[in-house]
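Asks: Sending over upload27.pdb (PDB, C-alpha atoms and all ligand atoms).
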ATOM      1  CA  MET M   1     110.778 100.140  90.743  1.00  0.00           C
ATOM      2  CA  GLU M   2     112.170  98.837  87.492  1.00  0.00           C
ATOM      3  CA  ILE M   3     115.704  99.921  86.709  1.00  0.00           C
ATOM      4  CA  THR M   4     117.086  99.626  83.186  1.00  0.00           C
ATOM      5  CA  TRP M   5     120.685 100.164  82.119  1.00  0.00           C
ATOM      6  CA  LEU M   6     120.578 101.970  78.777  1.00  0.00           C
ATOM      7  CA  GLY M   7     124.331 101.489  78.283  1.00  0.00           C
ATOM      8  CA  HIS M   8     127.278 103.686  79.395  1.00  0.00           C
ATOM      9  CA  SER M   9     125.958 105.839  82.295  1.00  0.00           C
ATOM     10  CA  GLY M  10     122.385 105.977  81.063  1.00  0.00           C
ATOM     11  CA  ILE M  11     119.686 104.736  83.428  1.00  0.00           C
ATOM     12  CA  LYS M  12     115.906 104.590  83.299  1.00  0.00           C
ATOM     13  CA  LEU M  13     114.020 104.422  86.603  1.00  0.00           C
ATOM     14  CA  GLN M  14     110.448 103.320  86.114  1.00  0.00           C
ATOM     15  CA  GLY M  15     108.445 103.731  89.305  1.00  0.00           C
ATOM     16  CA  SER M  16     105.484 105.968  90.017  1.00  0.00           C
ATOM     17  CA  LYS M  17     107.366 108.375  87.743  1.00  0.00           C
ATOM     18  CA  THR M  18     109.678 107.828  84.767  1.00  0.00           C
ATOM     19  CA  VAL M  19     113.165 109.176  85.387  1.00  0.00           C
ATOM     20  CA  TYR M  20     116.128 109.159  83.022  1.00  0.00           C
ATOM     21  CA  ILE M  21     119.674 109.729  84.232  1.00  0.00           C
ATOM     22  CA  ASP M  22     122.431 110.685  81.745  1.00  0.00           C
ATOM     23  CA  PRO M  23     120.585 109.417  78.634  1.00  0.00           C
ATOM     24  CA  PHE M  24     123.435 109.288  76.119  1.00  0.00           C
ATOM     25  CA  LEU M  25     121.834 107.351  73.254  1.00  0.00           C
ATOM     26  CA  THR M  26     122.708 108.946  69.913  1.00  0.00           C
ATOM     27  CA  ASP M  27     126.294 107.998  68.918  1.00  0.00           C
ATOM     28  CA  ASN M  28     126.452 105.553  71.830  1.00  0.00           C
ATOM     29  CA  PRO M  29     127.525 102.237  70.262  1.00  0.00           C
ATOM     30  CA  VAL M  30     125.929 100.165  73.065  1.00  0.00           C
ATOM     31  CA  ALA M  31     122.721 102.154  73.659  1.00  0.00           C
ATOM     32  CA  SER M  32     119.723  99.856  74.135  1.00  0.00           C
ATOM     33  CA  VAL M  33     117.154 102.396  72.928  1.00  0.00           C
ATOM     34  CA  THR M  34     117.100 105.290  70.500  1.00  0.00           C
ATOM     35  CA  CYS M  35     115.878 108.756  71.372  1.00  0.00           C
ATOM     36  CA  ASP M  36     113.026 108.217  68.869  1.00  0.00           C
ATOM     37  CA  GLU M  37     111.749 105.249  70.888  1.00  0.00           C
ATOM     38  CA  ILE M  38     111.293 107.331  74.036  1.00  0.00           C
ATOM     39  CA  SER M  39     107.821 108.840  74.305  1.00  0.00           C
ATOM     40  CA  ASP M  40     107.335 109.209  78.043  1.00  0.00           C
ATOM     41  CA  ALA M  41     109.448 110.837  80.757  1.00  0.00           C
ATOM     42  CA  ASP M  42     108.793 112.940  83.844  1.00  0.00           C
ATOM     43  CA  VAL M  43     112.286 113.903  84.939  1.00  0.00           C
ATOM     44  CA  VAL M  44     115.666 113.842  83.176  1.00  0.00           C
ATOM     45  CA  VAL M  45     118.656 114.177  85.497  1.00  0.00           C
ATOM     46  CA  VAL M  46     122.092 115.063  84.108  1.00  0.00           C
ATOM     47  CA  THR M  47     125.206 114.651  86.256  1.00  0.00           C
ATOM     48  CA  HIS M  48     127.523 116.895  84.240  1.00  0.00           C
ATOM     49  CA  TYR M  49     128.114 118.790  81.031  1.00  0.00           C
ATOM     50  CA  HIS M  50     129.927 116.147  78.983  1.00  0.00           C
ATOM     51  CA  GLY M  51     128.461 114.776  75.762  1.00  0.00           C
ATOM     52  CA  ASP M  52     128.374 111.191  77.011  1.00  0.00           C
ATOM     53  CA  HIS M  53     126.092 112.269  79.898  1.00  0.00           C
ATOM     54  CA  LEU M  54     124.119 115.233  78.549  1.00  0.00           C
ATOM     55  CA  GLY M  55     123.522 113.071  75.464  1.00  0.00           C
ATOM     56  CA  ASP M  56     119.902 113.254  74.301  1.00  0.00           C
ATOM     57  CA  SER M  57     118.617 114.956  77.464  1.00  0.00           C
ATOM     58  CA  PHE M  58     117.414 118.147  75.798  1.00  0.00           C
ATOM     59  CA  ALA M  59     115.729 116.212  72.974  1.00  0.00           C
ATOM     60  CA  ILE M  60     113.928 113.895  75.443  1.00  0.00           C
ATOM     61  CA  CYS M  61     112.708 116.865  77.495  1.00  0.00           C
ATOM     62  CA  LYS M  62     111.462 118.639  74.357  1.00  0.00           C
ATOM     63  CA  LYS M  63     109.466 115.679  73.085  1.00  0.00           C
ATOM     64  CA  THR M  64     108.056 114.473  76.444  1.00  0.00           C
ATOM     65  CA  GLY M  65     107.756 117.698  78.424  1.00  0.00           C
ATOM     66  CA  ALA M  66     109.991 116.207  81.150  1.00  0.00           C
ATOM     67  CA  THR M  67     111.700 118.498  83.638  1.00  0.00           C
ATOM     68  CA  LEU M  68     115.461 118.725  83.249  1.00  0.00           C
ATOM     69  CA  VAL M  69     117.416 118.635  86.514  1.00  0.00           C
ATOM     70  CA  GLY M  70     121.063 119.606  86.444  1.00  0.00           C
ATOM     71  CA  ILE M  71     123.650 121.998  87.747  1.00  0.00           C
ATOM     72  CA  HIS M  72     122.826 125.694  87.279  1.00  0.00           C
ATOM     73  CA  GLU M  73     124.898 126.317  84.135  1.00  0.00           C
ATOM     74  CA  LEU M  74     123.400 123.292  82.389  1.00  0.00           C
ATOM     75  CA  ALA M  75     119.864 124.253  83.396  1.00  0.00           C
ATOM     76  CA  VAL M  76     120.383 127.752  81.976  1.00  0.00           C
ATOM     77  CA  ASP M  77     121.258 126.245  78.589  1.00  0.00           C
ATOM     78  CA  GLY M  78     118.238 123.953  78.757  1.00  0.00           C
ATOM     79  CA  GLU M  79     115.936 126.827  79.594  1.00  0.00           C
ATOM     80  CA  ALA M  80     117.268 128.775  76.592  1.00  0.00           C
ATOM     81  CA  GLU M  81     115.972 125.909  74.459  1.00  0.00           C
ATOM     82  CA  GLY M  82     112.498 126.200  75.979  1.00  0.00           C
ATOM     83  CA  ILE M  83     112.802 123.242  78.356  1.00  0.00           C
ATOM     84  CA  THR M  84     111.318 123.222  81.864  1.00  0.00           C
ATOM     85  CA  THR M  85     114.320 123.080  84.176  1.00  0.00           C
ATOM     86  CA  GLU M  86     115.233 122.791  87.831  1.00  0.00           C
ATOM     87  CA  GLY M  87     118.700 124.250  88.186  1.00  0.00           C
ATOM     88  CA  MET M  88     120.581 123.391  91.348  1.00  0.00           C
ATOM     89  CA  ASN M  89     124.070 122.966  92.746  1.00  0.00           C
ATOM     90  CA  ILE M  90     126.128 120.671  94.915  1.00  0.00           C
ATOM     91  CA  GLY M  91     124.672 120.350  98.406  1.00  0.00           C
ATOM     92  CA  GLY M  92     121.171 121.226  97.300  1.00  0.00           C
ATOM     93  CA  THR M  93     117.932 119.263  97.078  1.00  0.00           C
ATOM     94  CA  VAL M  94     115.138 119.704  94.568  1.00  0.00           C
ATOM     95  CA  GLU M  95     111.749 118.040  94.574  1.00  0.00           C
ATOM     96  CA  THR M  96     109.955 117.952  91.262  1.00  0.00           C
ATOM     97  CA  ARG M  97     107.018 115.840  90.116  1.00  0.00           C
ATOM     98  CA  GLY M  98     107.245 113.708  93.255  1.00  0.00           C
ATOM     99  CA  VAL M  99     110.925 112.884  92.777  1.00  0.00           C
ATOM    100  CA  LYS M 100     113.575 114.177  95.172  1.00  0.00           C
ATOM    101  CA  ILE M 101     117.066 114.872  93.819  1.00  0.00           C
ATOM    102  CA  HIS M 102     120.095 115.713  95.954  1.00  0.00           C
ATOM    103  CA  MET M 103     123.250 116.904  94.215  1.00  0.00           C
ATOM    104  CA  VAL M 104     126.555 115.681  95.636  1.00  0.00           C
ATOM    105  CA  GLN M 105     130.226 116.084  94.843  1.00  0.00           C
ATOM    106  CA  ALA M 106     132.093 114.332  92.022  1.00  0.00           C
ATOM    107  CA  LEU M 107     135.818 114.607  91.265  1.00  0.00           C
ATOM    108  CA  HIS M 108     135.910 115.181  87.509  1.00  0.00           C
ATOM    109  CA  SER M 109     135.704 117.994  84.926  1.00  0.00           C
ATOM    110  CA  ALA M 110     132.903 119.481  82.832  1.00  0.00           C
ATOM    111  CA  GLU M 111     132.462 121.863  79.904  1.00  0.00           C
ATOM    112  CA  LYS M 112     130.185 124.150  81.925  1.00  0.00           C
ATOM    113  CA  GLY M 113     129.372 124.119  85.612  1.00  0.00           C
ATOM    114  CA  ASP M 114     130.869 121.536  87.938  1.00  0.00           C
ATOM    115  CA  PRO M 115     130.465 117.781  87.639  1.00  0.00           C
ATOM    116  CA  ALA M 116     128.222 116.154  90.215  1.00  0.00           C
ATOM    117  CA  GLY M 117     126.737 112.958  91.507  1.00  0.00           C
ATOM    118  CA  VAL M 118     123.053 112.657  92.351  1.00  0.00           C
ATOM    119  CA  VAL M 119     121.026 110.897  95.024  1.00  0.00           C
ATOM    120  CA  ILE M 120     117.457 110.262  93.911  1.00  0.00           C
ATOM    121  CA  GLU M 121     114.575 109.395  96.211  1.00  0.00           C
ATOM    122  CA  MET M 122     111.468 107.902  94.653  1.00  0.00           C
ATOM    123  CA  ASP M 123     108.822 105.467  95.940  1.00  0.00           C
ATOM    124  CA  GLY M 124     110.677 105.049  99.242  1.00  0.00           C
ATOM    125  CA  LYS M 125     113.960 103.993  97.594  1.00  0.00           C
ATOM    126  CA  THR M 126     117.247 105.889  97.641  1.00  0.00           C
ATOM    127  CA  ILE M 127     119.479 105.621  94.593  1.00  0.00           C
ATOM    128  CA  TYR M 128     122.936 107.127  94.149  1.00  0.00           C
ATOM    129  CA  HIS M 129     124.358 107.765  90.682  1.00  0.00           C
ATOM    130  CA  ALA M 130     128.008 108.736  91.074  1.00  0.00           C
ATOM    131  CA  GLY M 131     128.281 110.340  87.615  1.00  0.00           C
ATOM    132  CA  ASP M 132     131.909 110.459  86.510  1.00  0.00           C
ATOM    133  CA  THR M 133     134.236 110.606  89.477  1.00  0.00           C
ATOM    134  CA  GLY M 134     137.470 109.524  91.020  1.00  0.00           C
ATOM    135  CA  LEU M 135     137.564 107.859  94.393  1.00  0.00           C
ATOM    136  CA  THR M 136     136.975 110.347  97.180  1.00  0.00           C
ATOM    137  CA  TYR M 137     136.903 109.937 100.921  1.00  0.00           C
ATOM    138  CA  ASP M 138     133.769 112.130 100.967  1.00  0.00           C
ATOM    139  CA  MET M 139     131.865 109.139  99.586  1.00  0.00           C
ATOM    140  CA  LYS M 140     131.786 107.967 103.210  1.00  0.00           C
ATOM    141  CA  LEU M 141     129.589 110.974 103.947  1.00  0.00           C
ATOM    142  CA  ILE M 142     127.238 110.125 101.068  1.00  0.00           C
ATOM    143  CA  GLY M 143     126.867 106.648 102.522  1.00  0.00           C
ATOM    144  CA  GLU M 144     126.389 107.820 106.072  1.00  0.00           C
ATOM    145  CA  PHE M 145     123.941 110.591 105.205  1.00  0.00           C
ATOM    146  CA  PHE M 146     121.843 108.993 102.441  1.00  0.00           C
ATOM    147  CA  ASN M 147     122.257 105.256 103.097  1.00  0.00           C
ATOM    148  CA  PRO M 148     121.601 104.273  99.446  1.00  0.00           C
ATOM    149  CA  ASP M 149     119.658 101.138  98.576  1.00  0.00           C
ATOM    150  CA  LEU M 150     121.338 101.016  95.178  1.00  0.00           C
ATOM    151  CA  SER M 151     124.282 102.821  93.598  1.00  0.00           C
ATOM    152  CA  PHE M 152     125.553 103.230  90.046  1.00  0.00           C
ATOM    153  CA  ILE M 153     129.347 103.356  90.069  1.00  0.00           C
ATOM    154  CA  PRO M 154     131.683 103.931  87.097  1.00  0.00           C
ATOM    155  CA  ILE M 155     134.365 101.250  86.691  1.00  0.00           C
ATOM    156  CA  GLY M 156     135.790 101.918  83.201  1.00  0.00           C
ATOM    157  CA  ASP M 157     138.970 103.694  84.338  1.00  0.00           C
ATOM    158  CA  ARG M 158     140.847 106.453  82.384  1.00  0.00           C
ATOM    159  CA  TYR M 159     138.120 109.103  82.891  1.00  0.00           C
ATOM    160  CA  THR M 160     136.674 107.725  86.127  1.00  0.00           C
ATOM    161  CA  MET M 161     137.451 105.172  88.796  1.00  0.00           C
ATOM    162  CA  GLY M 162     138.697 101.814  87.622  1.00  0.00           C
ATOM    163  CA  VAL M 163     137.852  98.457  89.176  1.00  0.00           C
ATOM    164  CA  PRO M 164     140.097  98.631  92.283  1.00  0.00           C
ATOM    165  CA  SER M 165     139.108 102.189  93.254  1.00  0.00           C
ATOM    166  CA  ALA M 166     135.437 101.565  92.415  1.00  0.00           C
ATOM    167  CA  ALA M 167     135.458  98.561  94.764  1.00  0.00           C
ATOM    168  CA  LYS M 168     136.913 100.795  97.479  1.00  0.00           C
ATOM    169  CA  ALA M 169     134.166 103.340  96.769  1.00  0.00           C
ATOM    170  CA  VAL M 170     131.529 100.675  97.444  1.00  0.00           C
ATOM    171  CA  GLU M 171     133.077 100.160 100.869  1.00  0.00           C
ATOM    172  CA  PHE M 172     132.897 103.914 101.560  1.00  0.00           C
ATOM    173  CA  ILE M 173     129.316 104.320 100.283  1.00  0.00           C
ATOM    174  CA  GLN M 174     128.034 101.280 102.194  1.00  0.00           C
ATOM    175  CA  THR M 175     125.426 100.808  99.490  1.00  0.00           C
ATOM    176  CA  LYS M 176     123.314  97.680  99.753  1.00  0.00           C
ATOM    177  CA  LYS M 177     123.378  96.998  96.025  1.00  0.00           C
ATOM    178  CA  VAL M 178     125.604  98.283  93.229  1.00  0.00           C
ATOM    179  CA  ILE M 179     125.399  98.272  89.444  1.00  0.00           C
ATOM    180  CA  PRO M 180     128.683  99.003  87.624  1.00  0.00           C
ATOM    181  CA  VAL M 181     128.415 101.444  84.698  1.00  0.00           C
ATOM    182  CA  HIS M 182     130.611 103.572  82.389  1.00  0.00           C
ATOM    183  CA  TYR M 183     132.612 100.645  80.982  1.00  0.00           C
ATOM    184  CA  ASN M 184     132.925  98.746  77.677  1.00  0.00           C
ATOM    185  CA  THR M 185     131.121 101.490  75.754  1.00  0.00           C
ATOM    186  CA  PHE M 186     134.352 102.210  73.907  1.00  0.00           C
ATOM    187  CA  PRO M 187     137.640 100.234  73.806  1.00  0.00           C
ATOM    188  CA  PHE M 188     139.450 102.817  75.942  1.00  0.00           C
ATOM    189  CA  ILE M 189     137.136 102.240  78.930  1.00  0.00           C
ATOM    190  CA  SER M 190     137.118  98.457  78.923  1.00  0.00           C
ATOM    191  CA  ALA M 191     136.701  96.753  82.293  1.00  0.00           C
ATOM    192  CA  ASP M 192     135.653  93.377  83.655  1.00  0.00           C
ATOM    193  CA  PRO M 193     132.531  93.641  85.851  1.00  0.00           C
ATOM    194  CA  GLU M 194     133.183  90.143  87.220  1.00  0.00           C
ATOM    195  CA  GLU M 195     136.536  91.349  88.555  1.00  0.00           C
ATOM    196  CA  PHE M 196     134.663  94.256  90.173  1.00  0.00           C
ATOM    197  CA  LYS M 197     132.189  91.820  91.730  1.00  0.00           C
ATOM    198  CA  LYS M 198     135.046  89.710  93.074  1.00  0.00           C
ATOM    199  CA  ARG M 199     136.756  92.711  94.650  1.00  0.00           C
ATOM    200  CA  VAL M 200     133.533  94.017  96.229  1.00  0.00           C
ATOM    201  CA  GLY M 201     133.006  90.582  97.773  1.00  0.00           C
ATOM    202  CA  ASP M 202     130.421  90.608 100.535  1.00  0.00           C
ATOM    203  CA  LYS M 203     130.465  94.389 100.990  1.00  0.00           C
ATOM    204  CA  ALA M 204     127.469  94.789  98.640  1.00  0.00           C
ATOM    205  CA  GLU M 205     125.345  92.846  96.204  1.00  0.00           C
ATOM    206  CA  VAL M 206     126.812  93.495  92.738  1.00  0.00           C
ATOM    207  CA  ILE M 207     124.241  93.372  89.951  1.00  0.00           C
ATOM    208  CA  ILE M 208     125.785  93.036  86.510  1.00  0.00           C
ATOM    209  CA  LEU M 209     123.484  94.047  83.681  1.00  0.00           C
ATOM    210  CA  LYS M 210     123.878  94.120  79.929  1.00  0.00           C
ATOM    211  CA  PRO M 211     122.694  97.276  78.153  1.00  0.00           C
ATOM    212  CA  GLY M 212     118.911  97.027  77.906  1.00  0.00           C
ATOM    213  CA  GLU M 213     118.550  94.670  80.870  1.00  0.00           C
ATOM    214  CA  SER M 214     116.427  95.569  83.874  1.00  0.00           C
ATOM    215  CA  TYR M 215     116.509  94.942  87.606  1.00  0.00           C
ATOM    216  CA  THR M 216     113.564  95.282  89.968  1.00  0.00           C
ATOM    217  CA  LEU M 217     114.415  97.128  93.181  1.00  0.00           C
TER     218      LEU M 217
HETATM  219 NI    NI O   1     132.559 113.101  82.078  1.00  0.00          NI
HETATM  220 MN    MN O   2     131.682 110.085  81.057  1.00  0.00          MN
END
Show me this structure written as structure tokens.
Replies:
Amino acid sequence: MEITWLGHSGIKLQGSKTVYIDPFLTDNPVASVTCDEISDADVVVVTHYHGDHLGDSFAICKKTGATLVGIHELAVDGEAEGITTEGMNIGGTVETRGVKIHMVQALHSAEKGDPAGVVIEMDGKTIYHAGDTGLTYDMKLIGEFFNPDLSFIPIGDRYTMGVPSAAKAVEFIQTKKVIPVHYNTFPFISADPEEFKKRVGDKAEVIILKPGESYTL
């Protein structure tokens, strides 16, 4: 599976299916693609109802016919715009187009519905996207229950975990590999991914990408 960081929290998973997570592209100063450049998607997963995560999700679903997966309140709004949706809530699992999505807790806020993290299973790999969240002891449960191969963890501070708490989260999640996200998009969420890597140490393999770069899992 090819994994591309689109900048901020935006991720593209290219396996047997094409999955976008939190595709915030328009008005994102570090976005590696524009919404216009996207012509193919099967599933678009949104962690929570904030502009920097919902982003271009509705537009991508409209132009590609992708299924939108998000918390109930967000799915209702998507459906009102004529999009195919799979509404869900924390604790639940949805399988759509051969992709399995589990919704897990996140400590944050949202305009509508609750914020969430997601665990995605595709092509035999398990990937956790923490969304926006503070450090929570329940991350131990995510690790124990889902045993992620790869996790996306926010490190930009102010609105989410910063470097020290994000490094602690990696310990809780027991993820094999981790890609830091949600930093250096804007000056007020600046963070040093090398400092994160240093703090994580041998607890996980830290993969530092630049927006637009890919990693093969
Ligand atoms: Ni947020
Ligand atoms: Mn955010």
Asks: Atom CA of Val119 of chain M and atom CA of Gly92 of chain M, how far apart in Å?
Replies: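 Computing it gives 10.6 Å between the two atoms.
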Asks: Would you pick out the contacts of Ile153 of chain M at 6 Å or less, using all atoms listed in the file, so that residues sharing its chain but fewer than 5 positions from it are not included, and give the list as a PyMOL selection string?
Replies: chain M and resi 130+180-181
Asks: If you count all atoms listed in the file, which residues fall within 7 Å of segment 34-49 of chain M, apart from same-chain ones fewer than 5 positions away, as a ChimeraX atom specification?
Replies: /M:17-22,25-26,54,56-57,60,64,66-70,74,110-112,114-118,131
Asks: Do a neighbour search on segment 197-213 of chain M at 7 Å with all atoms listed in the file, toss out local chain neighbours closer than 4 positions, and write the hits as an MDAnalysis selection string.
Replies: chainID M and resid 4:7 30:32 167 171 175:180 193
Asks: In Å, how far is it from atom CA of Pro29 of chain M to atom MN of ligand MN 2 (chain O)?
Replies: 14.0 Å
Asks: Asp157 of chain M: which residues within 8 Å, counting all atoms listed in the file, same-chain residues fewer than 4 positions away excluded, as a ChimeraX atom specification?
Replies: /M:161-163,183,189-191
Asks: When the cut-off is 8 Å and you count all atoms listed in the file, which residues lie near ligand MN 2 (chain O), shown as a PDB file with C-alpha atoms, in the frame of the given file?
Replies:
ATOM      1  CA  HIS M   8     127.278 103.686  79.395  1.00  0.00           C
ATOM      2  CA  SER M   9     125.958 105.839  82.295  1.00  0.00           C
ATOM      3  CA  HIS M  50     129.927 116.147  78.983  1.00  0.00           C
ATOM      4  CA  GLY M  51     128.461 114.776  75.762  1.00  0.00           C
ATOM      5  CA  ASP M  52     128.374 111.191  77.011  1.00  0.00           C
ATOM      6  CA  HIS M  53     126.092 112.269  79.898  1.00  0.00           C
ATOM      7  CA  GLY M 131     128.281 110.340  87.615  1.00  0.00           C
ATOM      8  CA  ASP M 132     131.909 110.459  86.510  1.00  0.00           C
ATOM      9  CA  TYR M 159     138.120 109.103  82.891  1.00  0.00           C
ATOM     10  CA  THR M 160     136.674 107.725  86.127  1.00  0.00           C
ATOM     11  CA  HIS M 182     130.611 103.572  82.389  1.00  0.00           C
TER      12      HIS M 182
END
Asks: Hey, could you pull the box centre and edge lengths for segment 145-154 of chain M, axis-aligned, 6 Å padding per side, all listed atoms, to one decimal in Å, as lines of an AutoDock Vina configuration file?
Replies:
center_x = 125.7
center_y = 105.8
center_z = 96.2
size_x = 24.0
size_y = 21.6
size_z = 30.1
Asks: What residues come out when you apply the PyMOL selection byres (((chain M and resi 173) around 7) and not hetatm) to this file, written as a PyMOL selection string?
Replies: chain M and resi 139-140+142-143+169-172+174-175
